[in-house]
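Colleague: First the structure, then my questions, so here it is.
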Amino acid sequence: MLVAADGVNSRVRRQYLSDARVVDTGARCVYGKTLLTDETLALVPPTLFDGFTAVIGGGTVGMASALVRFRERPEHAAARLVPGLPVTAVADYLMWAVTAPPERFGLPDERLLAQDPVALHRLARDAIAGWHPDLRALVDHAEVAETFVVRINTSQPVPAWPAGRITLMGDAIHAMSPAGGSGANTALTDASVLRRELAAAARGDKAVPDAVAAYEQRMREYGFAAVAAAGQNLTTMWARRHPVLAGIARLFQHGR
């Protein structure tokens with residue numbers, strides 16, 4: 001069977017579920033990564049140690065951030081679980097994401113999305129130029145080469161479709177705003193539920209299409225609930241500073 005995990009621009013989805021819609025929220029997000037050292041940890045606001053945090057600036061700029069501190073380094077876990085598996089070493093870091101409409105970054109959309117990491121890092125720094133010096137310093141200390149930009153899209157709920165030997169997971173079927181901080185975990189839930197159902201089919205407990213149908217039924221429920229929650233978070237976040245953008249976010253949340 002074919003499992004489409006090819007992201008928000010999934011070619012499989014476009015062919016298999018031609019009515020499934022992904023809409024542009026109008027937001028653009030410049031992502032960055034700052035390694036956690038004694039120097040940068042001293043700059044991290046206490047709130048960030050409690051979990052995923054959104055910082056709302058004046059006007060239309062926001063910054064989402066979260067600490068990524070591994071209980072076990074990925075390369076060590078890989079060596080323990082699957083000896084010989086090549087995994088890139090990753091140190092603890094702060095994830096930050098500066099979000100704004102494209103015009104706030106000072107470039108038309110097509111040019112913004114084509115910028116290289118150095119230019120994108122500069123745009124992120126400029127967007128928060130008037131913010132607290134500690135937040136600016138965290139962005140200044142970023143691993144510049146790992147800066148990238150994404151268009152924030154969100155999926156609309158899809159009615160049930162006949163199950164077969166093709167299915168989808170992750171952003172390919174339920175892309176969502178990062179305002180919920182749950183996109184990756186929802187995709188991992190997809191993988192876990194689908195694995196369990198396919199294992200049952202492999203044991204002969206059920207036919208493959210029935211296993212896929214059971215997975216898809218559950219995935220549509222929790223997946224699009226996560227999409228709705230992320231959309232609500234985006235609406236609430238912008239409503240605090242910009243009622244017009246909040247109205248736009250509500251329109252996208254309800255697919256209008």
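In the structure tokens, chains take the letters A, B, ... in the order shown, each chain's residues start at 1, and ligands count up from 1 in the order shown.
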Per residue of region 117-233 of chain A within 12 Å of region 53-72 of chain A, what are the shortest atom pair and its distance in Å to one decimal, counting only C-alpha atoms, with rows by chain and residue number, as a Markdown table?

Modeller:
```
| residue | atom | partner | partner_atom | distance |
| --- | --- | --- | --- | --- |
| A:Leu123 | CA | A:Val61 | CA | 11.9 |
| A:Ala124 | CA | A:Met63 | CA | 9.6 |
| A:Arg125 | CA | A:Met63 | CA | 11.2 |
| A:Asp126 | CA | A:Val61 | CA | 10.9 |
| A:Ala127 | CA | A:Val61 | CA | 7.1 |
| A:Ile128 | CA | A:Val61 | CA | 7.6 |
| A:Ala129 | CA | A:Gly57 | CA | 10.4 |
| A:Gly130 | CA | A:Gly57 | CA | 8.9 |
| A:Trp131 | CA | A:Gly57 | CA | 7.4 |
| A:His132 | CA | A:Gly57 | CA | 10.0 |
| A:Leu135 | CA | A:Met63 | CA | 9.5 |
| A:Arg136 | CA | A:Met63 | CA | 10.9 |
| A:Leu138 | CA | A:Ser65 | CA | 10.5 |
| A:Val139 | CA | A:Met63 | CA | 10.5 |
| A:Ser177 | CA | A:Ala64 | CA | 11.4 |
| A:Pro178 | CA | A:Ala64 | CA | 8.4 |
| A:Ala179 | CA | A:Ala64 | CA | 7.5 |
| A:Gly180 | CA | A:Ala54 | CA | 9.8 |
| A:Gly181 | CA | A:Ala64 | CA | 9.0 |
| A:Asn233 | CA | A:Ala54 | CA | 9.9 |
```

Colleague: Compare A:Leu120, A:Leu81, A:Ala27, A:Leu113 by their minimum atom-to-atom distance to Ala100 (chain A), counting only C-alpha atoms, and give me the closest one.

Modeller: A:Ala27

Colleague: Find the residues near Thr34 (chain A): any atom within 6 Å, counting only C-alpha atoms, skip ones fewer than 4 places away on the same chain, and give them as JSON, numbers by chain.

Modeller: {"A": [93, 94, 141, 142, 143]}

Colleague: Could you tell me which of A:Gly32, A:Pro209, A:Gly204, A:Pro83 comes closest to Phe148 (chain A) if we count only C-alpha atoms?

Modeller: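 Using only C-alpha atoms, the shortest distance to Phe148 (chain A) belongs to A:Gly32.
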
Colleague: Enumerate the residues of region 4-126 of chain A with a DSSP assignment of alpha helix (DSSP H), computed from the backbone, and present them as a VMD selection string.

Modeller: chain A and resid 11 to 16 38 to 41 74 to 81 109 to 112 117 to 126

Colleague: I want to know what sits within 10 Å of Val158 (chain A), based on only C-alpha atoms, with residues of the same chain fewer than 2 positions away left out; could you give that as a compact mmCIF listing (two decimals) with N, CA, C and O atoms, in the first residue's frame?

Modeller:
```txt
# COMPACT_ATOMS: atom_id res chain seq x y z
N LEU A 17 -7.46 12.76 -3.25
CA LEU A 17 -8.58 13.49 -2.62
C LEU A 17 -8.63 14.89 -3.23
O LEU A 17 -8.24 15.88 -2.58
N ASP A 19 -10.86 16.97 -3.70
CA ASP A 19 -11.70 17.98 -3.05
C ASP A 19 -11.11 18.49 -1.73
O ASP A 19 -11.65 19.43 -1.14
N ALA A 20 -10.04 17.87 -1.26
CA ALA A 20 -9.43 18.31 -0.01
C ALA A 20 -8.77 19.67 -0.22
O ALA A 20 -7.92 19.82 -1.11
N ARG A 21 -9.13 20.63 0.60
CA ARG A 21 -8.64 21.99 0.42
C ARG A 21 -7.63 22.38 1.50
O ARG A 21 -7.81 22.07 2.68
N SER A 155 -5.48 23.03 6.71
CA SER A 155 -6.39 22.15 5.98
C SER A 155 -7.82 22.33 6.46
O SER A 155 -8.07 22.63 7.63
N GLN A 156 -8.75 22.14 5.55
CA GLN A 156 -10.16 22.11 5.91
C GLN A 156 -10.59 20.66 6.11
O GLN A 156 -10.06 19.76 5.44
N ALA A 160 -15.56 11.73 5.14
CA ALA A 160 -15.02 10.37 4.99
C ALA A 160 -15.01 9.96 3.52
O ALA A 160 -15.91 10.30 2.75
N TRP A 161 -13.95 9.25 3.14
CA TRP A 161 -13.82 8.75 1.78
C TRP A 161 -13.66 7.23 1.83
O TRP A 161 -13.30 6.67 2.87
N ILE A 173 -2.54 15.59 5.09
CA ILE A 173 -3.99 15.52 5.25
C ILE A 173 -4.52 16.53 6.26
O ILE A 173 -5.62 17.05 6.09
N HIS A 174 -3.77 16.85 7.31
CA HIS A 174 -4.29 17.79 8.32
C HIS A 174 -3.23 18.83 8.69
O HIS A 174 -2.83 18.95 9.84
N ARG A 220 -9.16 11.29 11.26
CA ARG A 220 -9.98 12.46 10.92
C ARG A 220 -10.50 13.13 12.19
O ARG A 220 -10.60 14.36 12.26
N PHE A 224 -8.33 16.65 12.69
CA PHE A 224 -9.00 17.92 12.39
C PHE A 224 -9.42 18.65 13.66
O PHE A 224 -9.60 19.87 13.64
```

Colleague: Could you check how far CA of Leu2 (chain A) sits from CA of Ala230 (chain A), in Å to one decimal?

Modeller: 28.0 Å
